[in-house]
file input.txt (compact mmCIF, C-alpha atoms and all ligand atoms)
# COMPACT_ATOMS: atom_id res chain seq x y z
CA GLU A 1 -6.96 34.38 43.90
CA ASP A 2 -4.62 32.05 45.78
CA ALA A 3 -7.10 31.84 48.65
CA GLU A 4 -9.88 30.92 46.23
CA LYS A 5 -7.78 28.04 44.98
CA GLY A 6 -7.95 26.57 48.46
CA GLY A 7 -4.20 25.94 48.61
CA TYR A 8 -4.03 24.20 45.24
CA PRO A 9 -1.80 25.60 42.49
CA HIS A 10 -4.66 25.60 39.96
CA TYR A 11 -8.44 25.75 39.92
CA MET A 12 -8.52 22.63 37.78
CA LEU A 13 -6.82 20.59 40.49
CA LYS A 14 -8.98 22.13 43.21
CA GLU A 15 -12.11 21.29 41.23
CA ILE A 16 -11.00 17.71 40.57
CA MET A 17 -10.34 17.28 44.30
CA GLU A 18 -13.71 18.79 45.22
CA GLN A 19 -15.57 16.06 43.38
CA PRO A 20 -16.18 13.77 46.39
CA ARG A 21 -17.88 16.64 48.23
CA VAL A 22 -19.89 18.15 45.36
CA LEU A 23 -21.10 14.73 44.27
CA TYR A 24 -22.55 14.23 47.71
CA GLU A 25 -24.10 17.71 47.68
CA THR A 26 -25.63 17.08 44.28
CA TYR A 27 -26.93 13.75 45.51
CA THR A 28 -28.67 15.17 48.58
CA GLY A 29 -30.00 18.06 46.49
CA LEU A 30 -31.49 15.66 43.95
CA LEU A 31 -33.18 13.59 46.62
CA SER A 32 -34.92 16.61 48.10
CA SER A 33 -36.12 18.07 44.79
CA LYS A 34 -39.31 17.43 42.82
CA GLU A 35 -37.67 18.02 39.46
CA LEU A 36 -36.49 14.45 38.94
CA ALA A 37 -40.04 13.12 39.18
CA GLU A 38 -41.33 15.95 37.00
CA ALA A 39 -38.69 15.32 34.34
CA ALA A 40 -39.28 11.55 34.43
CA LYS A 41 -43.01 12.19 33.81
CA LEU A 42 -42.21 14.32 30.77
CA ILE A 43 -40.04 11.53 29.36
CA ALA A 44 -42.56 8.80 30.21
CA SER A 45 -45.27 10.58 28.24
CA ALA A 46 -43.04 11.37 25.23
CA ARG A 47 -42.57 9.14 22.21
CA LYS A 48 -39.19 10.56 21.14
CA VAL A 49 -36.39 11.37 23.56
CA PHE A 50 -33.36 13.46 22.59
CA ILE A 51 -30.42 14.67 24.63
CA THR A 52 -28.01 17.39 23.61
CA GLY A 53 -25.08 19.48 24.79
CA ALA A 54 -21.67 20.72 23.71
CA GLY A 55 -18.24 19.42 24.69
CA THR A 56 -18.24 17.75 28.08
CA SER A 57 -21.99 18.20 28.50
CA TYR A 58 -22.55 16.19 25.32
CA HIS A 59 -20.50 13.37 26.84
CA ALA A 60 -22.77 13.39 29.89
CA GLY A 61 -25.63 13.01 27.40
CA LEU A 62 -23.96 9.91 25.94
CA VAL A 63 -23.73 8.41 29.43
CA PHE A 64 -27.45 9.10 29.90
CA ALA A 65 -28.29 7.39 26.60
CA TYR A 66 -26.54 4.29 27.95
CA TYR A 67 -28.31 4.26 31.32
CA ILE A 68 -31.79 5.04 30.01
CA ALA A 69 -31.51 2.05 27.67
CA ARG A 70 -30.08 -0.16 30.40
CA TYR A 71 -32.56 0.65 33.16
CA ALA A 72 -35.67 2.16 31.55
CA LYS A 73 -35.44 0.23 28.26
CA ARG A 74 -35.91 3.47 26.36
CA VAL A 75 -33.92 4.90 23.49
CA ALA A 76 -32.67 8.47 23.77
CA THR A 77 -30.98 10.00 20.75
CA PRO A 78 -27.90 11.98 21.72
CA PHE A 79 -26.70 14.71 19.38
CA ILE A 80 -24.11 17.46 19.43
CA ALA A 81 -25.92 20.75 19.98
CA SER A 82 -24.50 22.55 16.94
CA GLU A 83 -25.85 19.73 14.74
CA TYR A 84 -29.41 20.17 15.95
CA THR A 85 -31.26 20.90 12.70
CA VAL A 86 -31.62 17.34 11.46
CA TYR A 87 -33.11 16.36 14.83
CA SER A 88 -35.31 19.42 15.44
CA ASP A 89 -36.81 18.77 12.00
CA VAL A 90 -38.34 15.53 13.31
CA ALA A 91 -39.33 16.94 16.73
CA ASP A 92 -43.00 17.41 17.62
CA GLU A 93 -45.38 17.65 20.62
CA ASP A 94 -44.56 14.04 21.43
CA SER A 95 -40.87 14.81 21.84
CA VAL A 96 -38.76 15.71 24.82
CA LEU A 97 -35.32 17.30 24.66
CA ILE A 98 -32.87 17.18 27.55
CA ALA A 99 -30.53 20.16 27.22
CA VAL A 100 -27.34 19.68 29.25
CA SER A 101 -25.26 22.79 29.95
CA GLN A 102 -23.29 23.52 33.08
CA SER A 103 -23.32 27.28 32.40
CA GLY A 104 -26.83 27.32 31.00
CA GLU A 105 -25.64 29.83 28.40
CA THR A 106 -24.00 27.91 25.54
CA ILE A 107 -25.41 29.31 22.30
CA ASP A 108 -25.42 26.01 20.39
CA THR A 109 -27.43 24.28 23.11
CA LEU A 110 -29.78 27.26 23.41
CA GLN A 111 -30.46 27.25 19.69
CA ALA A 112 -31.21 23.53 19.74
CA LEU A 113 -33.59 24.11 22.67
CA ARG A 114 -35.40 26.95 20.88
CA ALA A 115 -35.78 24.94 17.67
CA PHE A 116 -37.27 21.98 19.59
CA LYS A 117 -39.54 24.25 21.61
CA SER A 118 -40.92 25.87 18.48
CA LYS A 119 -41.99 22.38 17.36
CA GLY A 120 -43.90 21.83 20.60
CA ALA A 121 -41.31 19.59 22.30
CA LYS A 122 -40.94 19.62 26.09
CA ILE A 123 -37.57 20.71 27.42
CA ILE A 124 -35.68 19.44 30.47
CA ALA A 125 -32.56 21.41 31.39
CA VAL A 126 -29.63 20.05 33.37
CA SER A 127 -27.53 22.95 34.61
CA ASN A 128 -25.19 24.12 37.33
CA VAL A 129 -26.21 27.78 37.23
CA LEU A 130 -29.45 28.80 38.87
CA GLY A 131 -31.64 31.01 36.70
CA SER A 132 -29.34 30.91 33.64
CA THR A 133 -30.89 31.19 30.17
CA ILE A 134 -31.29 27.48 29.32
CA PRO A 135 -33.13 26.65 32.58
CA ARG A 136 -35.27 29.79 32.17
CA GLU A 137 -36.43 28.66 28.75
CA SER A 138 -37.06 25.03 29.80
CA HIS A 139 -40.17 23.36 31.22
CA THR A 140 -38.23 21.93 34.14
CA THR A 141 -34.63 21.99 35.34
CA ILE A 142 -32.51 19.52 37.23
CA TYR A 143 -29.76 21.42 38.98
CA THR A 144 -26.34 20.03 39.76
CA ARG A 145 -24.65 21.41 42.86
CA ALA A 146 -21.02 21.51 41.80
CA GLY A 147 -20.50 25.12 42.90
CA PRO A 148 -18.79 27.61 40.59
CA GLU A 149 -16.36 26.01 38.16
CA ILE A 150 -13.52 28.38 37.23
CA GLY A 151 -11.16 26.09 35.28
CA VAL A 152 -12.02 26.29 31.58
CA ALA A 153 -11.99 22.50 31.20
CA ALA A 154 -15.11 21.07 32.83
CA THR A 155 -14.33 18.57 35.61
CA LYS A 156 -16.62 18.52 38.62
CA THR A 157 -19.60 19.65 36.57
CA PHE A 158 -19.26 16.54 34.36
CA LEU A 159 -19.56 13.98 37.14
CA THR A 160 -22.39 15.89 38.81
CA GLN A 161 -24.24 15.96 35.45
CA VAL A 162 -23.68 12.21 35.17
CA LEU A 163 -25.09 11.76 38.68
CA ALA A 164 -28.17 13.86 37.91
CA LEU A 165 -28.81 12.07 34.62
CA THR A 166 -28.30 8.63 36.15
CA SER A 167 -30.82 9.47 38.85
CA LEU A 168 -33.21 10.62 36.14
CA ALA A 169 -32.82 7.35 34.22
CA LEU A 170 -33.49 5.38 37.42
CA THR A 171 -36.53 7.50 38.33
CA LEU A 172 -37.92 6.92 34.86
CA ALA A 173 -37.22 3.19 35.15
CA THR A 174 -39.37 2.88 38.31
CA GLU A 175 -42.05 4.99 36.66
CA GLU A 176 -42.08 2.65 33.65
CA GLY A 177 -41.87 -0.45 35.83
CA THR A 178 -38.66 -1.72 34.23
CA ILE A 179 -37.02 -1.91 37.66
CA THR A 180 -38.72 -2.73 40.94
CA THR A 181 -39.05 -0.31 43.86
CA THR A 182 -36.51 -2.40 45.76
CA GLU A 183 -34.03 -2.22 42.87
CA TYR A 184 -34.60 1.51 42.63
CA LYS A 185 -33.96 2.03 46.34
CA LYS A 186 -30.82 -0.06 46.19
CA ALA A 187 -29.51 1.88 43.19
CA ILE A 188 -30.22 5.25 44.81
CA GLU A 189 -28.47 4.15 48.01
CA GLU A 190 -25.52 3.07 45.92
CA LEU A 191 -25.27 6.47 44.23
CA ALA A 192 -24.66 8.00 47.67
CA LEU A 193 -21.22 6.39 47.37
CA ALA A 194 -20.29 8.19 44.12
CA GLY A 195 -18.13 10.72 45.98
CA ARG A 196 -16.36 7.98 47.90
CA ALA A 197 -15.58 6.16 44.65
CA ALA A 198 -14.03 9.37 43.30
CA ALA A 199 -11.97 9.91 46.47
CA ARG A 200 -10.64 6.37 46.42
CA SER A 201 -9.59 6.40 42.79
CA ILE A 202 -7.89 9.78 43.25
CA ASP A 203 -5.87 8.29 46.12
CA ALA A 204 -5.10 5.12 44.20
CA SER A 205 -3.90 6.89 41.05
CA LEU A 206 -1.92 10.00 42.10
CA ARG A 207 1.53 8.38 42.49
CA ILE A 208 1.33 6.10 39.49
CA LEU A 209 0.14 8.99 37.31
CA ASP A 210 3.26 11.00 38.22
CA LYS A 211 5.41 8.25 36.73
CA LEU A 212 3.19 7.77 33.71
CA VAL A 213 3.26 11.49 32.89
CA LEU A 214 7.06 11.39 32.57
CA VAL A 215 6.62 9.06 29.59
CA LEU A 216 3.43 10.44 28.07
CA LYS A 217 4.48 14.09 28.11
CA ASN A 218 6.91 13.43 25.28
CA LYS A 219 4.29 11.88 23.02
CA GLY A 220 2.40 13.62 20.27
CA ASN A 221 -0.57 11.26 20.19
CA MET A 222 -2.45 8.70 22.19
CA TYR A 223 -5.55 6.58 21.91
CA ILE A 224 -8.09 6.04 24.66
CA LEU A 225 -10.19 2.94 24.05
CA SER A 226 -13.02 1.30 25.92
CA ARG A 227 -16.28 -0.57 25.62
CA GLY A 228 -19.85 -0.16 26.88
CA ILE A 229 -20.31 2.59 29.45
CA GLY A 230 -16.56 3.22 29.15
CA VAL A 231 -16.91 4.64 25.63
CA PRO A 232 -18.41 8.02 26.59
CA LEU A 233 -15.94 8.14 29.49
CA ALA A 234 -13.11 7.62 26.99
CA TYR A 235 -14.43 10.53 24.87
CA GLU A 236 -14.40 12.72 27.95
CA ALA A 237 -10.90 11.58 28.96
CA ALA A 238 -9.55 12.33 25.47
CA LEU A 239 -11.22 15.76 25.46
CA LYS A 240 -9.58 16.61 28.80
CA VAL A 241 -6.12 15.57 27.56
CA LYS A 242 -6.50 17.61 24.36
CA GLU A 243 -7.92 20.69 26.09
CA VAL A 244 -5.24 21.24 28.69
CA SER A 245 -2.09 19.39 27.51
CA TYR A 246 -2.49 19.94 23.73
CA ILE A 247 -1.44 16.34 23.18
CA HIS A 248 -3.59 14.73 20.56
CA ALA A 249 -5.74 12.12 22.28
CA GLU A 250 -8.41 10.26 20.36
CA ALA A 251 -11.08 8.02 21.83
CA TYR A 252 -12.78 5.14 20.10
CA PRO A 253 -14.89 2.16 21.06
CA ALA A 254 -12.16 -0.48 21.40
CA GLY A 255 -13.82 -2.75 18.84
CA GLU A 256 -13.60 0.03 16.28
CA SER A 257 -9.83 0.44 16.52
CA LYS A 258 -9.18 -2.32 13.98
CA HIS A 259 -11.30 -0.42 11.43
CA GLY A 260 -8.74 2.31 10.93
CA PRO A 261 -7.11 3.82 14.03
CA ILE A 262 -4.72 0.87 14.50
CA ALA A 263 -2.96 1.88 11.26
CA LEU A 264 -1.13 4.60 13.24
CA VAL A 265 0.11 2.30 15.98
CA GLU A 266 3.81 1.56 16.02
CA ARG A 267 6.46 1.01 18.67
CA ASP A 268 5.76 2.95 21.92
CA PHE A 269 2.51 4.52 20.68
CA PRO A 270 0.51 5.05 23.90
CA VAL A 271 -2.87 3.35 24.12
CA ILE A 272 -4.93 3.83 27.27
CA PHE A 273 -7.73 1.33 27.88
CA LEU A 274 -10.57 2.07 30.30
CA GLY A 275 -11.59 -1.22 31.88
CA VAL A 276 -15.21 -1.12 33.00
CA PRO A 277 -17.97 -3.51 34.17
CA PRO A 278 -19.65 -5.81 33.40
CA GLU A 279 -16.34 -7.67 33.38
CA ASP A 280 -17.91 -11.02 32.48
CA VAL A 281 -18.96 -9.50 29.16
CA LEU A 282 -16.22 -6.97 28.46
CA LEU A 283 -12.94 -8.17 29.97
CA GLU A 284 -12.13 -10.90 27.42
CA LYS A 285 -13.02 -8.60 24.56
CA LEU A 286 -10.76 -5.87 25.90
CA GLN A 287 -7.99 -8.44 26.32
CA GLY A 288 -8.20 -9.03 22.57
CA ASN A 289 -7.88 -5.31 21.92
CA VAL A 290 -4.88 -5.01 24.26
CA MET A 291 -3.13 -7.85 22.43
CA GLU A 292 -3.81 -6.27 19.02
CA MET A 293 -2.05 -3.12 20.21
CA LYS A 294 0.74 -4.93 22.05
CA ALA A 295 1.53 -6.94 18.92
CA ARG A 296 2.33 -3.62 17.20
CA GLY A 297 4.60 -2.52 20.04
CA ALA A 298 2.14 -0.11 21.68
CA HIS A 299 2.73 1.19 25.21
CA THR A 300 -0.38 -0.19 26.90
CA ILE A 301 -1.98 1.42 29.93
CA VAL A 302 -5.15 0.24 31.66
CA ILE A 303 -7.23 2.39 33.99
CA GLY A 304 -9.75 -0.14 35.18
CA THR A 305 -11.57 -2.03 37.88
CA THR A 306 -9.64 -4.58 39.95
CA PRO A 307 -10.56 -7.61 37.76
CA TYR A 308 -8.70 -5.98 34.82
CA GLY A 309 -5.49 -6.57 36.79
CA LYS A 310 -5.38 -10.02 35.27
CA LEU A 311 -5.11 -8.76 31.68
CA GLU A 312 -1.97 -9.76 29.82
CA GLY A 313 0.17 -7.46 27.71
CA VAL A 314 -0.36 -4.44 29.96
CA ASP A 315 2.58 -2.14 30.77
CA VAL A 316 0.88 0.05 33.39
CA PHE A 317 -2.25 -0.79 35.38
CA ILE A 318 -4.16 1.72 37.47
CA ASP A 319 -6.56 -0.16 39.74
CA VAL A 320 -9.58 2.03 40.54
CA GLY A 321 -11.29 -0.59 42.72
CA SER A 322 -14.32 -2.80 42.11
CA TYR A 323 -17.53 -1.16 40.95
CA ASP A 324 -20.64 -1.97 39.00
CA GLU A 325 -21.94 0.00 36.03
CA LEU A 326 -23.74 2.57 38.18
CA LEU A 327 -20.66 3.78 40.04
CA ILE A 328 -17.94 3.30 37.46
CA PRO A 329 -17.93 6.85 36.01
CA TYR A 330 -16.93 8.28 39.42
CA ALA A 331 -14.00 5.87 39.70
CA ILE A 332 -12.71 6.11 36.12
CA ILE A 333 -13.00 9.82 35.34
CA PRO A 334 -10.93 11.40 38.18
CA PRO A 335 -7.69 9.57 37.21
CA ALA A 336 -8.27 10.63 33.58
CA GLN A 337 -8.78 14.26 34.65
CA LEU A 338 -5.66 14.09 36.80
CA LEU A 339 -3.68 12.65 33.91
CA ALA A 340 -4.71 15.59 31.71
CA TYR A 341 -3.91 18.05 34.49
CA LYS A 342 -0.51 16.56 35.26
CA LEU A 343 0.43 16.45 31.56
CA ALA A 344 -0.43 20.15 31.25
CA VAL A 345 1.68 21.04 34.28
CA ALA A 346 4.60 18.86 33.12
CA LEU A 347 4.52 20.67 29.77
CA ASN A 348 4.29 24.14 31.40
CA ARG A 349 0.81 24.77 30.05
CA ASP A 350 -1.77 26.62 32.11
CA PRO A 351 -4.53 24.08 32.75
CA ASP A 352 -6.92 26.79 33.96
CA LYS A 353 -6.70 28.89 30.82
CA PRO A 354 -5.98 26.70 27.81
CA ARG A 355 -5.22 28.59 24.61
CA ASN A 356 -8.09 29.21 22.16
CA LEU A 357 -10.76 27.96 24.57
CA ALA A 358 -13.46 29.83 26.49
CA LYS A 359 -15.36 28.65 29.53
CA THR A 360 -18.69 29.60 28.04
CA VAL A 361 -19.28 30.02 24.33
CA THR A 362 -22.17 32.43 23.74
CA VAL A 363 -21.47 33.26 20.10
CA GLU A 364 -21.91 30.89 17.20
C1 LIG B 1 -17.01 25.22 26.27
C2 LIG B 1 -16.11 24.73 27.40
C3 LIG B 1 -16.29 23.23 27.61
C4 LIG B 1 -17.76 22.90 27.84
C5 LIG B 1 -18.64 23.42 26.70
C6 LIG B 1 -20.12 23.33 27.04
O1 LIG B 1 -16.53 24.72 25.06
O2 LIG B 1 -14.76 25.04 27.11
O3 LIG B 1 -15.54 22.82 28.74
O4 LIG B 1 -17.92 21.53 27.98
O5 LIG B 1 -18.37 24.80 26.47
O6 LIG B 1 -20.40 24.18 28.10
P1 LIG B 1 -21.73 24.13 28.93
O7 LIG B 1 -21.66 25.33 29.84
O8 LIG B 1 -22.86 24.27 27.94
O9 LIG B 1 -21.79 22.85 29.64
call {"tool": "encode", "arguments": {"input": "input.txt", "output": "structure tokens", "more": "lines below"}}
Ligand code: G6P
result
Amino acid sequence: EDAEKGGYPHYMLKEIMEQPRVLYETYTGLLSSKELAEAAKLIASARKVFITGAGTSYHAGLVFAYYIARYAKRVATPFIASEYTVYSDVADEDSVLIAVSQSGETIDTLQALRAFKSKGAKIIAVSNVLGSTIPRESHTTIYTRAGPEIGVAATKTFLTQVLALTSLALTLATEEGTITTTEYKKAIEELALAGRAAARSIDASLRILDKLVLVLKNKGNMYILSRGIGVPLAYEAALKVKEVSYIHAEAYPAGESKHGPIALVERDFPVIFLGVPPEDVLLEKLQGNVMEMKARGAHTIVIGTTPYGKLEGVDVFIDVGSYDELLIPYAIIPPAQLLAYKLAVALNRDPDKPRNLAKTVTVE
């Protein structure tokens, strides 16, 4: 087992560190496959677009909903797989469902798929396991190439799903003419750098996270707040912290915090902000949210792009570099995964086998 961990103490850490490589492998795999074009055609000819998954895979679906609106000017309705009935009721032959599941076996996602299929909807699977049930029952499958993921908490499969879904949104956008061929080419070339963005933010955050963990490990709660594309990333960051450290972490769109969550904030309550592009639109707004929390004595932490370094009222800043909206997930998520991992280790919890959780849930 130790050999399989490649010298790392846990699979979770090994899998976080593998992200630069598997992102590149997924990228080259996507470029040489026909499935992206096939899937984009299915979406282009559908009137209603839905995307579903459970846990981390659902969060990848939320990221897709953002990019498909941004680049292809289409609306995709994301829903949590176990809540499928209200959506499958309105599905028809003009619908397409994207079913995201790294294992390809999650029962909730499979049931959603079957319900949509029985209504005549077309199904696109996004999976990491060749020939698993969800791809087998779908019309086409986009495979991620993350390699086997052993840690119960999904890490490398998430960012490879995001890469696959972003490429799908861009392929659709050229198909629909909402971006030019030149813009498409530029965006695809940029995605080749996803792995490098992950590697750089891992390097930039390791030392500072060690110090941060000493403070956060003694806390019972934290908020993770963001805006725009950062919101689904905040959901994923909070899920990671909960899953492996058992510290209660809750994510909200930052603008929503004043509508309830802020009631809990008192002296030294940790609030992590994810600072994402476009900074000209989001930075000032996030500054307002930081000040709201600081005024109540919160311990404020920002994991963000370089421009967020100028925010006031911030106790700890983790600079992930400068990125646009396309590359930001790969720079923001690895430090969040590492934070969750390091909290688990500091609290003597096994990050590879968190209590009460299973890698693949095949019973309802
Ligand atoms: C389980 C795992 C999660 C995962 C979810 C969906 O709950 O513990 O980490 O995100 O299933 O799994 P899937 O294989 O469908 O992506």
call {"tool": "residues_around", "arguments": {"input": "input.txt", "residues": "region 10-25 of chain A", "least_positions_apart": "4", "cutoff": "7 Å", "atoms": "only C-alpha atoms", "output": "compact mmCIF listing (two decimals) with C-alpha atoms, keeping the file's coordinate frame"}}
result
# COMPACT_ATOMS: atom_id res chain seq x y z
CA LYS A 5 -7.78 28.04 44.98
CA GLY A 6 -7.95 26.57 48.46
CA GLY A 29 -30.00 18.06 46.49
CA ARG A 145 -24.65 21.41 42.86
CA ALA A 146 -21.02 21.51 41.80
CA ILE A 150 -13.52 28.38 37.23
CA GLY A 151 -11.16 26.09 35.28
CA THR A 155 -14.33 18.57 35.61
CA LYS A 156 -16.62 18.52 38.62
CA THR A 160 -22.39 15.89 38.81
CA ALA A 192 -24.66 8.00 47.67
CA ALA A 194 -20.29 8.19 44.12
CA GLY A 195 -18.13 10.72 45.98
CA ARG A 196 -16.36 7.98 47.90
CA ALA A 198 -14.03 9.37 43.30
CA ALA A 199 -11.97 9.91 46.47
CA PRO A 334 -10.93 11.40 38.18
CA PRO A 351 -4.53 24.08 32.75
CA ASP A 352 -6.92 26.79 33.96
call {"tool": "atom_distance", "arguments": {"input": "input.txt", "atom1": "CA of Ala173 (chain A)", "atom2": "CA of Ala72 (chain A)"}}
result
4.1 Å
call {"tool": "residues_near_ligand", "arguments": {"input": "input.txt", "ligand": "ligand LIG 1 (chain B)", "cutoff": "10 Å", "atoms": "all atoms listed in the file", "output": "ChimeraX atom specification"}}
result
/A:52-60,81,99-110,126-129,134,149,151-155,157-158,161,236,239-240,243,353-354,356-362
call {"tool": "closest_residue", "arguments": {"input": "input.txt", "among": "A:Gln111, A:Ser33, A:Ser118, A:Thr300", "to": "Thr144 (chain A)", "atoms": "all atoms listed in the file"}}
result
A:Ser33
call {"tool": "residues_near_point", "arguments": {"input": "input.txt", "point": "(1.7, 17.2, 32.5)", "cutoff": "10 Å", "atoms": "only C-alpha atoms", "output": "list in words"}}
result
Leu209, Asp210, Leu212, Val213, Leu214, Val215, Leu216, Lys217, Asn218, Val241, Val244, Ser245, Ile247, Leu338, Leu339, Ala340, Tyr341, Lys342, Leu343, Ala344, Val345, Ala346, Leu347, Asn348, Arg349 and Pro351 of chain A
call {"tool": "atom_distance", "arguments": {"input": "input.txt", "atom1": "CA of Glu312 (chain A)", "atom2": "CA of Met291 (chain A)"}}
result
7.7 Å
call {"tool": "closest_residue", "arguments": {"input": "input.txt", "among": "A:Ala46, A:Ile68, A:Val63, A:Leu170", "to": "Ala91 (chain A)", "atoms": "only C-alpha atoms"}}
result
A:Ala46
call {"tool": "closest_residue", "arguments": {"input": "input.txt", "among": "A:Gly255, A:Gly260, A:Gly313, A:Gly147", "to": "Thr26 (chain A)", "atoms": "all atoms listed in the file"}}
result
A:Gly147
call {"tool": "residues_around", "arguments": {"input": "input.txt", "residues": "Leu225 (chain A)", "least_positions_apart": "5", "cutoff": "12 Å", "atoms": "only C-alpha atoms", "output": "PyMOL selection string"}}
result
chain A and resi 230-238+249-258+261-262+270-276+285-287+289-290+293+300-304
call {"tool": "atom_distance", "arguments": {"input": "input.txt", "atom1": "CA of Tyr67 (chain A)", "atom2": "CA of Thr166 (chain A)"}}
result
6.5 Å
call {"tool": "closest_residue", "arguments": {"input": "input.txt", "among": "A:Ile142, A:Ala197, A:Arg114, A:Tyr66", "to": "Thr85 (chain A)", "atoms": "only C-alpha atoms"}}
result
A:Arg114
call {"tool": "closest_residue", "arguments": {"input": "input.txt", "among": "A:Leu165, A:Ile98, A:Ile43, A:Ile51", "to": "Pro78 (chain A)", "atoms": "all atoms listed in the file"}}
result
A:Ile51
call {"tool": "residues_around", "arguments": {"input": "input.txt", "residues": "Asp324 (chain A)", "least_positions_apart": "3", "cutoff": "9 Å", "atoms": "only C-alpha atoms", "output": "ChimeraX atom specification"}}
result
/A:276-278,327-328
call {"tool": "residues_near_point", "arguments": {"input": "input.txt", "point": "(3.4, 3.2, 21.8)", "cutoff": "8 Å", "atoms": "only C-alpha atoms", "output": "PyMOL selection string"}}
result
chain A and resi 265-271+297-300
call {"tool": "write_last_selection", "arguments": {"input": "input.txt", "atoms": "C-alpha atoms", "output": "PDB file, keeping the file's coordinate frame"}}
result
ATOM      1  CA  VAL A 265       0.110   2.300  15.980  1.00  0.00           C
ATOM      2  CA  GLU A 266       3.810   1.560  16.020  1.00  0.00           C
ATOM      3  CA  ARG A 267       6.460   1.010  18.670  1.00  0.00           C
ATOM      4  CA  ASP A 268       5.760   2.950  21.920  1.00  0.00           C
ATOM      5  CA  PHE A 269       2.510   4.520  20.680  1.00  0.00           C
ATOM      6  CA  PRO A 270       0.510   5.050  23.900  1.00  0.00           C
ATOM      7  CA  VAL A 271      -2.870   3.350  24.120  1.00  0.00           C
ATOM      8  CA  GLY A 297       4.600  -2.520  20.040  1.00  0.00           C
ATOM      9  CA  ALA A 298       2.140  -0.110  21.680  1.00  0.00           C
ATOM     10  CA  HIS A 299       2.730   1.190  25.210  1.00  0.00           C
ATOM     11  CA  THR A 300      -0.380  -0.190  26.900  1.00  0.00           C
TER      12      THR A 300
END
call {"tool": "closest_residue", "arguments": {"input": "input.txt", "among": "A:Glu279, A:Glu83, A:Asp89, A:Glu190", "to": "Lys119 (chain A)", "atoms": "all atoms listed in the file"}}
result
A:Asp89
